[in-house]
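**Q** upload_22.txt (compact mmCIF, C-alpha atoms and all ligand atoms) pasted underneath:
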```txt
# COMPACT_ATOMS: atom_id res chain seq x y z
CA MET A 25 73.29 74.13 124.56
CA SER A 26 73.70 71.29 122.13
CA ALA A 27 74.09 67.79 123.54
CA ALA A 28 76.91 67.19 121.09
CA ALA A 29 78.87 70.26 122.22
CA GLY A 30 82.59 69.71 122.31
CA PRO A 31 85.24 69.48 125.03
CA LEU A 32 86.10 73.17 124.96
CA LEU A 33 82.66 74.09 126.33
CA ASP A 34 83.21 71.92 129.39
CA ARG A 35 86.66 73.36 129.89
CA ILE A 36 85.44 76.97 129.64
CA ARG A 37 82.53 76.32 132.02
CA ALA A 38 84.89 74.77 134.56
CA LEU A 39 87.28 77.70 134.19
CA ILE A 40 84.50 80.23 134.74
CA ALA A 41 83.17 78.29 137.74
CA ALA A 42 86.65 78.34 139.26
CA THR A 43 87.91 81.83 138.42
CA GLY A 44 84.93 83.90 137.31
CA PRO A 45 83.65 85.24 133.98
CA LEU A 46 85.99 85.67 130.98
CA SER A 47 86.35 88.87 128.99
CA VAL A 48 84.98 88.57 125.46
CA ALA A 49 88.61 88.85 124.26
CA ASP A 50 89.76 85.91 126.37
CA PHE A 51 86.74 83.89 125.28
CA MET A 52 87.45 84.64 121.61
CA ALA A 53 91.13 83.77 121.99
CA MET A 54 90.28 80.40 123.58
CA ALA A 55 87.47 79.54 121.17
CA LEU A 56 89.63 80.25 118.12
CA GLY A 57 93.14 79.47 119.28
CA ASP A 58 93.07 76.92 122.10
CA PRO A 59 96.09 74.71 121.28
CA GLU A 60 94.00 71.55 121.63
CA HIS A 61 90.38 72.35 120.79
CA GLY A 62 90.39 75.84 119.23
CA TYR A 63 88.45 76.40 116.03
CA TYR A 64 91.49 77.13 113.86
CA THR A 65 93.53 74.42 115.61
CA THR A 66 91.19 71.60 114.73
CA ARG A 67 89.52 72.60 111.48
CA ASP A 68 89.96 73.52 107.87
CA PRO A 69 87.02 75.90 107.75
CA PHE A 70 87.22 77.03 104.15
CA GLY A 71 85.27 76.26 101.02
CA ALA A 72 81.87 74.91 100.08
CA ALA A 73 82.24 71.88 102.37
CA GLY A 74 83.46 74.01 105.27
CA ASP A 75 82.03 76.91 107.22
CA PHE A 76 82.76 79.97 105.08
CA VAL A 77 84.36 81.05 101.82
CA THR A 78 87.06 83.71 101.64
CA ALA A 79 88.01 85.80 98.59
CA PRO A 80 91.04 83.70 97.57
CA GLU A 81 88.85 80.60 97.72
CA ILE A 82 86.28 82.22 95.42
CA SER A 83 88.69 82.79 92.57
CA GLN A 84 92.36 82.59 91.64
CA MET A 85 92.00 86.17 90.38
CA PHE A 86 92.08 87.51 93.95
CA GLY A 87 95.56 86.16 94.78
CA GLU A 88 96.79 87.02 91.30
CA LEU A 89 95.76 90.67 91.64
CA VAL A 90 97.33 90.88 95.10
CA GLY A 91 100.47 89.46 93.44
CA ALA A 92 100.30 92.15 90.75
CA PHE A 93 99.93 94.77 93.50
CA ALA A 94 103.07 93.43 95.20
CA VAL A 95 105.06 93.31 91.94
CA ALA A 96 104.28 96.99 91.36
CA VAL A 97 105.02 98.04 94.93
CA HIS A 98 108.31 96.13 94.94
CA ALA A 99 109.44 98.08 91.86
CA ASP A 100 108.35 101.39 93.45
CA LEU A 101 110.34 100.52 96.56
CA GLY A 102 113.49 100.27 94.42
CA ALA A 103 113.37 96.48 94.07
CA PRO A 104 114.92 95.55 97.46
CA ASP A 105 116.59 92.12 97.46
CA PRO A 106 115.83 90.32 99.69
CA VAL A 107 112.31 91.51 100.41
CA ARG A 108 110.42 89.86 103.26
CA LEU A 109 107.11 88.69 101.88
CA VAL A 110 104.91 88.17 104.93
CA GLU A 111 101.41 86.72 104.95
CA LEU A 112 99.36 86.88 108.14
CA GLY A 113 96.89 84.02 108.60
CA PRO A 114 97.33 82.37 105.18
CA GLY A 115 94.49 79.86 105.67
CA ARG A 116 94.86 77.07 103.13
CA GLY A 117 97.67 78.91 101.32
CA THR A 118 95.49 79.52 98.30
CA LEU A 119 96.20 83.25 98.03
CA MET A 120 99.96 82.67 98.22
CA GLY A 121 99.86 79.95 95.57
CA ASP A 122 98.09 82.27 93.12
CA PHE A 123 100.33 85.19 94.14
CA LEU A 124 103.53 83.25 93.47
CA ARG A 125 102.38 82.24 89.98
CA VAL A 126 102.07 85.92 89.10
CA ALA A 127 105.32 86.81 90.87
CA ALA A 128 107.13 84.34 88.62
CA VAL A 129 106.60 86.64 85.62
CA ARG A 130 109.06 89.04 87.26
CA PRO A 131 112.08 86.81 87.92
CA GLY A 132 113.84 89.62 89.80
CA PHE A 133 110.93 89.87 92.26
CA ARG A 134 110.51 86.14 92.57
CA ARG A 135 114.23 85.69 93.34
CA ALA A 136 114.13 88.47 95.96
CA ILE A 137 111.25 86.90 97.91
CA ASP A 138 112.06 85.68 101.41
CA LEU A 139 108.72 84.21 102.50
CA HIS A 140 107.43 84.33 106.08
CA LEU A 141 104.02 83.08 107.19
CA VAL A 142 102.43 84.01 110.51
CA GLU A 143 100.09 81.15 111.40
CA THR A 144 99.23 79.53 114.70
CA SER A 145 97.27 76.52 113.43
CA PRO A 146 99.47 73.42 112.82
CA ARG A 147 96.80 72.01 110.57
CA LEU A 148 96.66 75.07 108.35
CA ARG A 149 100.48 75.30 108.39
CA ALA A 150 100.56 71.83 106.83
CA ALA A 151 98.09 72.89 104.12
CA GLN A 152 100.21 75.99 103.40
CA ALA A 153 103.40 73.90 103.24
CA ALA A 154 101.82 71.64 100.62
CA VAL A 155 100.96 74.61 98.38
CA LEU A 156 104.43 76.08 98.75
CA ALA A 157 106.11 72.76 98.02
CA ARG A 158 104.24 72.69 94.71
CA ALA A 159 105.31 76.27 94.03
CA GLY A 160 108.91 75.41 94.94
CA VAL A 161 109.20 78.31 97.38
CA PRO A 162 110.70 77.79 100.86
CA ALA A 163 109.05 79.55 103.80
CA THR A 164 109.54 80.19 107.49
CA TRP A 165 106.55 79.96 109.85
CA HIS A 166 106.00 82.19 112.87
CA ASP A 167 103.50 82.15 115.74
CA ARG A 168 103.80 85.88 116.20
CA LEU A 169 105.30 88.96 114.60
CA ASP A 170 108.22 89.34 117.05
CA THR A 171 110.31 86.71 115.31
CA LEU A 172 110.03 88.25 111.83
CA PRO A 173 113.45 89.41 110.61
CA ALA A 174 114.11 93.10 109.93
CA GLY A 175 114.34 94.49 106.40
CA PRO A 176 112.05 95.81 103.65
CA LEU A 177 108.76 93.95 103.73
CA ILE A 178 105.52 93.36 101.88
CA VAL A 179 102.78 92.21 104.24
CA ILE A 180 99.51 90.67 103.07
CA ALA A 181 96.63 90.13 105.52
CA ASN A 182 93.32 88.90 104.12
CA GLU A 183 90.61 88.20 106.68
CA PHE A 184 93.23 88.10 109.44
CA PHE A 185 92.41 91.14 111.57
CA ASP A 186 88.77 90.05 111.95
CA ALA A 187 89.91 86.92 113.79
CA LEU A 188 91.87 88.77 116.47
CA PRO A 189 90.24 89.01 119.89
CA VAL A 190 88.48 92.24 120.89
CA ARG A 191 87.39 93.42 124.30
CA GLN A 192 83.81 94.59 124.54
CA LEU A 193 82.68 97.27 126.96
CA VAL A 194 79.06 97.86 127.86
CA ARG A 195 77.56 101.03 129.31
CA THR A 196 75.51 100.21 132.40
CA ALA A 197 73.71 102.44 134.92
CA GLU A 198 76.84 102.01 137.10
CA GLY A 199 79.16 103.11 134.32
CA TRP A 200 81.22 101.25 131.71
CA ARG A 201 81.86 97.59 132.42
CA GLU A 202 83.75 94.81 130.66
CA ARG A 203 81.31 92.67 128.69
CA VAL A 204 81.98 89.13 129.87
CA VAL A 205 81.08 85.52 129.24
CA GLY A 206 79.80 83.89 132.42
CA LEU A 207 77.43 81.11 133.40
CA GLY A 208 73.67 81.54 133.13
CA PRO A 209 71.19 80.06 135.65
CA ASP A 210 71.10 76.76 133.73
CA GLY A 211 74.88 76.49 133.57
CA SER A 212 75.16 77.45 129.90
CA LEU A 213 77.44 80.28 128.78
CA ALA A 214 75.84 83.72 128.83
CA PHE A 215 76.94 87.27 128.15
CA GLY A 216 76.87 89.71 131.04
CA ALA A 217 78.47 92.81 132.46
CA GLY A 218 81.55 92.46 134.66
CA ALA A 219 81.37 93.50 138.29
CA ALA A 220 84.21 96.03 138.36
CA GLY A 221 84.41 99.30 136.46
CA VAL A 222 86.83 99.65 133.54
CA ASP A 223 89.54 102.24 133.12
CA PRO A 224 87.64 105.22 131.59
CA ASP A 225 90.52 105.82 129.18
CA LEU A 226 89.66 102.53 127.54
CA VAL A 227 86.29 103.85 126.34
CA PRO A 228 86.75 105.27 122.82
CA PRO A 229 85.94 109.01 122.77
CA HIS A 230 83.23 108.56 120.11
CA ALA A 231 81.27 106.30 122.49
CA ARG A 232 81.54 108.18 125.78
CA LEU A 233 78.03 109.66 125.58
CA ALA A 234 76.37 106.55 124.13
CA PRO A 235 73.02 105.43 125.60
CA LEU A 236 72.77 102.81 128.35
CA GLY A 237 73.21 99.30 127.03
CA THR A 238 75.60 100.37 124.26
CA VAL A 239 78.42 97.93 123.51
CA VAL A 240 81.73 99.17 122.09
CA GLU A 241 84.66 97.10 120.94
CA VAL A 242 88.28 97.76 121.71
CA ALA A 243 90.64 95.97 119.33
CA ARG A 244 93.90 96.25 121.24
CA VAL A 245 95.52 93.19 119.65
CA ALA A 246 94.73 94.37 116.11
CA ALA A 247 96.07 97.84 116.89
CA ALA A 248 99.27 96.37 118.36
CA VAL A 249 99.81 94.17 115.29
CA MET A 250 99.25 97.10 112.93
CA GLY A 251 101.46 99.37 115.06
CA ASP A 252 104.32 96.84 114.95
CA LEU A 253 104.03 96.43 111.18
CA ALA A 254 103.78 100.19 110.55
CA HIS A 255 106.88 100.68 112.67
CA ARG A 256 108.77 98.18 110.51
CA VAL A 257 107.54 99.80 107.29
CA VAL A 258 108.64 103.25 108.43
CA ARG A 259 112.02 101.90 109.59
CA ASP A 260 112.84 99.49 106.76
CA GLY A 261 110.51 100.41 103.88
CA GLY A 262 107.65 98.36 102.51
CA VAL A 263 103.89 98.05 102.54
CA VAL A 264 101.15 96.44 104.61
CA LEU A 265 98.01 95.46 102.71
CA ALA A 266 95.04 94.62 104.94
CA ILE A 267 91.78 93.40 103.41
CA ASP A 268 88.87 92.60 105.66
CA TYR A 269 85.23 93.16 106.36
CA GLY A 270 84.59 96.19 108.47
CA SER A 271 83.92 99.84 108.68
CA ASP A 272 86.02 102.86 107.75
CA ARG A 273 84.63 104.77 110.75
CA SER A 274 84.79 103.70 114.38
CA GLY A 275 81.29 103.08 115.71
CA ALA A 276 79.43 101.49 118.56
CA GLY A 277 77.83 98.06 118.53
CA ASP A 278 78.46 94.39 119.15
CA THR A 279 79.81 92.92 115.90
CA LEU A 280 80.87 89.52 117.24
CA GLN A 281 79.59 87.00 114.74
CA ALA A 282 79.60 83.23 114.75
CA VAL A 283 79.38 81.24 111.52
CA ALA A 284 79.19 77.51 110.82
CA ARG A 285 78.31 75.78 107.56
CA HIS A 286 77.67 79.11 105.84
CA ARG A 287 75.03 80.16 108.39
CA PHE A 288 75.02 82.41 111.41
CA ALA A 289 75.40 80.40 114.59
CA ASP A 290 75.31 80.91 118.34
CA ALA A 291 78.66 82.28 119.53
CA LEU A 292 78.43 80.60 122.95
CA ALA A 293 76.72 77.23 122.37
CA ASP A 294 79.74 75.22 121.23
CA PRO A 295 83.02 77.16 121.36
CA GLY A 296 85.70 75.72 119.08
CA ALA A 297 83.10 74.40 116.63
CA VAL A 298 82.11 77.73 115.05
CA ASP A 299 84.12 80.56 113.55
CA LEU A 300 84.09 83.84 115.46
CA THR A 301 84.88 87.17 113.84
CA VAL A 302 84.33 90.86 114.44
CA GLN A 303 84.09 93.70 111.98
CA VAL A 304 87.44 95.39 111.61
CA ASP A 305 87.59 99.00 112.80
CA PHE A 306 89.73 100.47 110.00
CA GLU A 307 89.70 103.91 111.58
CA ALA A 308 91.41 102.48 114.66
CA LEU A 309 93.85 100.44 112.53
CA ALA A 310 94.72 103.58 110.53
CA ALA A 311 95.27 105.53 113.76
CA ALA A 312 97.64 102.82 115.03
CA ALA A 313 99.64 103.05 111.78
CA ARG A 314 99.76 106.87 111.78
CA ALA A 315 100.94 106.86 115.39
CA GLU A 316 104.12 105.16 114.08
CA GLY A 317 104.60 107.86 111.43
CA ALA A 318 103.26 105.80 108.53
CA ALA A 319 101.02 106.95 105.67
CA VAL A 320 97.64 105.26 105.24
CA HIS A 321 96.02 104.64 101.84
CA GLY A 322 92.28 104.02 101.84
CA PRO A 323 90.40 102.16 103.10
CA VAL A 324 88.57 101.69 99.82
CA GLY A 325 85.95 99.08 98.96
CA GLN A 326 87.37 95.72 97.90
CA GLY A 327 85.46 96.09 94.63
CA ASP A 328 87.12 99.40 93.74
CA PHE A 329 90.50 98.08 94.81
CA LEU A 330 90.27 94.97 92.63
CA VAL A 331 88.83 96.79 89.63
CA ARG A 332 91.65 99.37 89.78
CA LEU A 333 94.16 96.53 89.86
CA GLY A 334 92.63 95.09 86.69
CA LEU A 335 89.98 92.60 87.82
CA LEU A 336 87.83 93.05 84.72
CA GLU A 337 90.76 92.71 82.29
CA ARG A 338 92.03 89.66 84.16
CA ALA A 339 88.55 88.09 84.06
CA GLY A 340 88.32 88.80 80.32
CA ARG A 341 91.68 87.17 79.60
CA LEU A 342 90.90 84.17 81.80
CA GLY A 343 87.48 83.75 80.16
CA ALA A 344 88.86 83.99 76.64
CA GLU A 345 90.66 80.65 77.08
CA LYS A 346 87.57 78.90 78.48
CA GLY A 347 84.18 77.51 77.47
CA ALA A 348 80.78 79.03 78.26
CA ALA A 349 80.29 77.31 81.66
CA ASP A 350 83.71 78.44 82.91
CA ARG A 351 83.05 81.94 81.60
CA ASP A 352 79.82 82.09 83.60
CA ALA A 353 81.72 81.00 86.70
CA ILE A 354 84.27 83.77 86.14
CA VAL A 355 81.52 86.38 85.78
CA ALA A 356 79.91 85.09 88.99
CA ALA A 357 83.27 85.29 90.80
CA VAL A 358 83.78 88.90 89.67
CA ASP A 359 80.35 89.72 91.03
CA ARG A 360 81.01 88.04 94.37
CA LEU A 361 84.38 89.70 94.84
CA ALA A 362 83.47 93.17 93.63
CA GLY A 363 79.67 93.53 93.52
CA PRO A 364 78.39 96.26 95.84
CA ASP A 365 75.76 93.91 97.30
CA GLN A 366 78.36 91.17 97.82
CA MET A 367 81.95 91.64 99.06
CA GLY A 368 82.63 94.80 97.06
CA THR A 369 81.82 97.44 99.65
CA LEU A 370 81.49 95.62 102.98
CA PHE A 371 85.05 94.37 102.51
CA LYS A 372 87.72 97.04 102.43
CA ALA A 373 91.36 97.33 101.47
CA MET A 374 93.83 99.56 103.28
CA ALA A 375 97.56 99.99 102.69
CA VAL A 376 100.26 101.40 104.95
CA THR A 377 103.61 102.74 103.70
CA ARG A 378 106.24 105.33 104.48
CA PRO A 379 104.95 108.83 103.78
CA GLY A 380 105.44 109.89 100.15
CA LEU A 381 104.87 106.52 98.46
CA THR A 382 101.85 105.93 96.23
CA VAL A 383 100.49 102.43 95.80
CA PRO A 384 98.28 100.95 93.08
CA GLY A 385 94.61 100.29 93.79
CA PHE A 386 93.96 103.34 95.98
N1 LIG B 1 93.77 84.54 104.68
C1 LIG B 1 93.04 83.29 104.55
C2 LIG B 1 92.48 82.77 105.86
C3 LIG B 1 91.61 83.68 106.68
S1 LIG B 1 91.02 82.90 108.17
C4 LIG B 1 91.96 83.44 103.49
O1 LIG B 1 91.67 84.56 103.12
O2 LIG B 1 91.41 82.44 103.06
C5 LIG B 1 92.14 83.48 109.41
C6 LIG B 1 93.53 82.90 109.37
O3 LIG B 1 94.28 83.49 110.42
C7 LIG B 1 93.65 81.41 109.58
O4 LIG B 1 94.73 80.93 108.81
C8 LIG B 1 93.94 81.31 111.07
O5 LIG B 1 94.52 80.10 111.46
C9 LIG B 1 94.86 82.49 111.25
N2 LIG B 1 94.91 83.06 112.59
C10 LIG B 1 93.85 83.42 113.37
N3 LIG B 1 94.27 83.99 114.51
C11 LIG B 1 95.62 84.03 114.45
C12 LIG B 1 96.64 84.51 115.32
N4 LIG B 1 96.34 85.08 116.48
N5 LIG B 1 97.92 84.40 114.93
C13 LIG B 1 98.24 83.81 113.75
N6 LIG B 1 97.32 83.34 112.88
C14 LIG B 1 96.03 83.42 113.23
```
What does the file become when written as structure tokens?

**A**
Amino acid sequence: MSAAAGPLLDRIRALIAATGPLSVADFMAMALGDPEHGYYTTRDPFGAAGDFVTAPEISQMFGELVGAFAVAVHADLGAPDPVRLVELGPGRGTLMGDFLRVAAVRPGFRRAIDLHLVETSPRLRAAQAAVLARAGVPATWHDRLDTLPAGPLIVIANEFFDALPVRQLVRTAEGWRERVVGLGPDGSLAFGAGAAGVDPDLVPPHARLAPLGTVVEVARVAAAVMGDLAHRVVRDGGVVLAIDYGSDRSGAGDTLQAVARHRFADALADPGAVDLTVQVDFEALAAAARAEGAAVHGPVGQGDFLVRLGLLERAGRLGAEKGAADRDAIVAAVDRLAGPDQMGTLFKAMAVTRPGLTVPGF
């Protein structure tokens, strides 16, 4: 435990002392979203000076290509006007700023956009508002999906699902238990196995025969979000585009990861000061969408997705207007976004539509 650990650690220790260990999901939700001391509440984590770099922060090309994707899908949907353009967890607003520049080349699309942002962090909301003021596009902010209006919608979620809390279950000699965060002998936070058994239906079928000690993750919040969005898409028409790091097959294992200042960190030492994410289980997200009657496209690697949308052509055009140093930076950005040893295969793109629609990039 670091001597400089923040106020959230004290609060969580007191809570555990009073009411018992927290599920990993409750711990994650507090560490990231506590209204006073949560990671996303208090910080702007992005960029070289922050804790991690996301695709839109690497290059304007990312948001531009997502914009080109949306322009094409909007036309395929029959150009609904208005169309709800929804971004989940927009961070600094960088993706949307780049997106809207591209959208402006299709005045019909740009005019049809009714922009809704789902963001819990007041600090990041302010950063998003500044970008949108420059773009001259009004927006409505939401804490949750329930308040989104009905109607055809285009939903963009980049590195959003990986921030949603997951429960972890661990197989012990006494059966499956909730993996919990409790207090170790020295009073610091420690992982453990909960005392009571869990509902056996909660254990994913693929993990039922896993060896003792196996941890599996159950992403109920992510599945509920995807289910709600898929329901809207089937009812009203539209698309959900989710891009995240994760696996296309459900598997076992503890994927909870803490990052600070571009390095792996301890998830328990100073909650609220480090980012926490999990790998997204795209198989489970796809199942949640199909359960609502939606069609699922992909997942495909982010590299393939971006290249099919024209990453290399876009990089070429951007580089043609620039000098040698800028051109090198563009080449490096292409490699980071699409290279198989970088974000190109670990990150995946998946789209959800009504059955019968094809979408670019898949
Ligand atoms: N899409 C951005 C930011 C990714 S970080 C980018 O690619 O750069 C995750 C984002 O989701 C942040 O904006 C964070 O504040 C937001 N977020 C995390 N959990 C959330 C929740 N439960 N509800 C709404 N927004 C959330």

**Q** Please identify all polymer residues within 9 Å of range 90-105 of chain A, counting only C-alpha atoms, omitting same-chain residues fewer than 3 positions from it, and present them as an MDAnalysis selection string.

**A** chainID A and resid 85:87 108 119:120 122:127 130 132:133 135:138 176:178 180 261:263 265 330 333 381:385

**Q** Using only C-alpha atoms and all ligand atoms, pick whichever of A:Trp165, A:Phe215, A:Phe184, A:Phe76 has the shortest atom-to-atom distance to ligand LIG 1 (chain B).

**A**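 Checking each candidate against ligand LIG 1 (chain B), we get A:Phe184 as the closest.
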
**Q** Between A:Arg273, A:Gly334, A:Ala311, A:Ala297, which has the minimum distance to Met250 in chain A (counting all atoms listed in the file)?

**A**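 Selected residue with least distance to Met250 in chain A: A:Ala311.
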
**Q** Residues up to 7 Å from ligand LIG 1 (chain B), counting all atoms listed in the file: could you list those as number ranges by chain?

**A** A: 56-57, 64, 70, 78-81, 112-116, 118-119, 142-145, 148, 167-168, 181-184, 187-188

**Q** Pick the closest to Ala72 in chain A from A:Leu109, A:Ala247, A:Ala254, A:Ala284: which is it, counting only C-alpha atoms?

**A** A:Ala284

**Q** What does the structure give for the distance between CA of Thr66 in chain A and CA of Leu207 in chain A, in Å to one decimal?

**A**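 According to the coordinates, CA of Thr66 in chain A and CA of Leu207 in chain A are separated by 25.1 Å.
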
**Q** Check the smallest atom-to-atom distance from each of A:His230, A:Lys372, A:Arg360, A:His140 to His166 in chain A using only C-alpha atoms, then report the winner.

**A**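 Going through A:His230, A:Lys372, A:Arg360, A:His140 one by one, the smallest distance to His166 in chain A is for A:His140.
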
**Q** Using only C-alpha atoms, find the one residue out of A:Arg287, A:Arg203, A:Arg67, A:Arg256 that sits nearest to Arg147 in chain A.

**A** A:Arg67

**Q** Just the residues within 12 Å of Met367 in chain A, please, counting all atoms listed in the file, with nothing from its chain fewer than 5 positions along; format it as a list in words.

**A**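 After dropping sequence-adjacent residues, the list is Val77, Thr78, Ala79, Ile82, Ile267, Asp268, Tyr269, Gly270, Gly325, Gln326, Gly327, Asp328, Phe329, Leu330, Ala357, Val358, Asp359, Arg360, Leu361, Ala362, Lys372 and Ala373 of chain A.
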
**Q** Between A:Pro173, A:Gly275, A:Gly71, A:Pro295, which one has atoms that come closest to Ala55 in chain A, using only C-alpha atoms?

**A**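 The closest residue to Ala55 in chain A is A:Pro295.
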
**Q** Kindly provide, as a ChimeraX atom specification, the polymer residues lying within 9 Å of (86.6, 101.4, 117.2), counting only C-alpha atoms and using the coordinates exactly as they appear in the file.

**A** /A:228,230-231,240-243,273-276,304-309

**Q** Enter the distance from CA of Glu202 in chain A to CA of His61 in chain A, in Å, rounded to one decimal.

**A**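 Result for CA of Glu202 in chain A versus CA of His61 in chain A: 25.4 Å, one decimal.
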
**Q** Start from the incomplete input, build N, CA and C atoms for range 63-83 of chain A, and deliver everything as a PDB file, in the frame of the given file.

**A**
```pdb
ATOM      1  N   TYR A  63      89.059  76.540 117.351  1.00  0.00           N
ATOM      2  CA  TYR A  63      88.450  76.400 116.030  1.00  0.00           C
ATOM      3  C   TYR A  63      89.517  76.261 114.937  1.00  0.00           C
ATOM      4  N   TYR A  64      90.484  77.188 114.922  1.00  0.00           N
ATOM      5  CA  TYR A  64      91.490  77.130 113.860  1.00  0.00           C
ATOM      6  C   TYR A  64      92.491  76.001 114.085  1.00  0.00           C
ATOM      7  N   THR A  65      92.602  75.506 115.329  1.00  0.00           N
ATOM      8  CA  THR A  65      93.530  74.420 115.610  1.00  0.00           C
ATOM      9  C   THR A  65      93.025  73.118 115.002  1.00  0.00           C
ATOM     10  N   THR A  66      91.718  72.924 115.061  1.00  0.00           N
ATOM     11  CA  THR A  66      91.190  71.600 114.730  1.00  0.00           C
ATOM     12  C   THR A  66      90.559  71.513 113.345  1.00  0.00           C
ATOM     13  N   ARG A  67      90.325  72.650 112.701  1.00  0.00           N
ATOM     14  CA  ARG A  67      89.520  72.600 111.480  1.00  0.00           C
ATOM     15  C   ARG A  67      90.170  73.233 110.271  1.00  0.00           C
ATOM     16  N   ASP A  68      89.716  72.796 109.110  1.00  0.00           N
ATOM     17  CA  ASP A  68      89.960  73.520 107.870  1.00  0.00           C
ATOM     18  C   ASP A  68      88.610  74.103 107.480  1.00  0.00           C
ATOM     19  N   PRO A  69      88.372  75.372 107.831  1.00  0.00           N
ATOM     20  CA  PRO A  69      87.020  75.900 107.750  1.00  0.00           C
ATOM     21  C   PRO A  69      86.573  76.375 106.372  1.00  0.00           C
ATOM     22  N   PHE A  70      87.482  76.296 105.383  1.00  0.00           N
ATOM     23  CA  PHE A  70      87.220  77.030 104.150  1.00  0.00           C
ATOM     24  C   PHE A  70      86.485  76.206 103.108  1.00  0.00           C
ATOM     25  N   GLY A  71      85.822  76.903 102.207  1.00  0.00           N
ATOM     26  CA  GLY A  71      85.270  76.260 101.020  1.00  0.00           C
ATOM     27  C   GLY A  71      83.835  75.806 101.209  1.00  0.00           C
ATOM     28  N   ALA A  72      83.287  75.276 100.110  1.00  0.00           N
ATOM     29  CA  ALA A  72      81.870  74.910 100.080  1.00  0.00           C
ATOM     30  C   ALA A  72      81.555  73.866 101.147  1.00  0.00           C
ATOM     31  N   ALA A  73      82.489  72.936 101.398  1.00  0.00           N
ATOM     32  CA  ALA A  73      82.240  71.880 102.370  1.00  0.00           C
ATOM     33  C   ALA A  73      82.527  72.338 103.801  1.00  0.00           C
ATOM     34  N   GLY A  74      83.089  73.529 103.949  1.00  0.00           N
ATOM     35  CA  GLY A  74      83.460  74.010 105.270  1.00  0.00           C
ATOM     36  C   GLY A  74      82.441  74.982 105.821  1.00  0.00           C
ATOM     37  N   ASP A  75      82.930  75.982 106.531  1.00  0.00           N
ATOM     38  CA  ASP A  75      82.030  76.910 107.220  1.00  0.00           C
ATOM     39  C   ASP A  75      81.852  78.234 106.491  1.00  0.00           C
ATOM     40  N   PHE A  76      82.887  78.691 105.794  1.00  0.00           N
ATOM     41  CA  PHE A  76      82.760  79.970 105.080  1.00  0.00           C
ATOM     42  C   PHE A  76      83.746  79.999 103.919  1.00  0.00           C
ATOM     43  N   VAL A  77      83.529  80.937 103.013  1.00  0.00           N
ATOM     44  CA  VAL A  77      84.360  81.050 101.820  1.00  0.00           C
ATOM     45  C   VAL A  77      85.025  82.419 101.836  1.00  0.00           C
ATOM     46  N   THR A  78      86.344  82.433 101.689  1.00  0.00           N
ATOM     47  CA  THR A  78      87.060  83.710 101.640  1.00  0.00           C
ATOM     48  C   THR A  78      87.383  84.067 100.188  1.00  0.00           C
ATOM     49  N   ALA A  79      87.775  85.312  99.962  1.00  0.00           N
ATOM     50  CA  ALA A  79      88.010  85.800  98.590  1.00  0.00           C
ATOM     51  C   ALA A  79      88.983  84.926  97.797  1.00  0.00           C
ATOM     52  N   PRO A  80      90.130  84.523  98.373  1.00  0.00           N
ATOM     53  CA  PRO A  80      91.040  83.700  97.570  1.00  0.00           C
ATOM     54  C   PRO A  80      90.446  82.353  97.198  1.00  0.00           C
ATOM     55  N   GLU A  81      89.478  81.885  98.016  1.00  0.00           N
ATOM     56  CA  GLU A  81      88.850  80.600  97.720  1.00  0.00           C
ATOM     57  C   GLU A  81      87.740  80.756  96.670  1.00  0.00           C
ATOM     58  N   ILE A  82      87.298  81.984  96.451  1.00  0.00           N
ATOM     59  CA  ILE A  82      86.280  82.220  95.420  1.00  0.00           C
ATOM     60  C   ILE A  82      86.901  82.138  94.042  1.00  0.00           C
ATOM     61  N   SER A  83      88.082  82.759  93.902  1.00  0.00           N
ATOM     62  CA  SER A  83      88.690  82.790  92.570  1.00  0.00           C
ATOM     63  C   SER A  83      90.183  83.016  92.657  1.00  0.00           C
TER      64      SER A  83
END
```
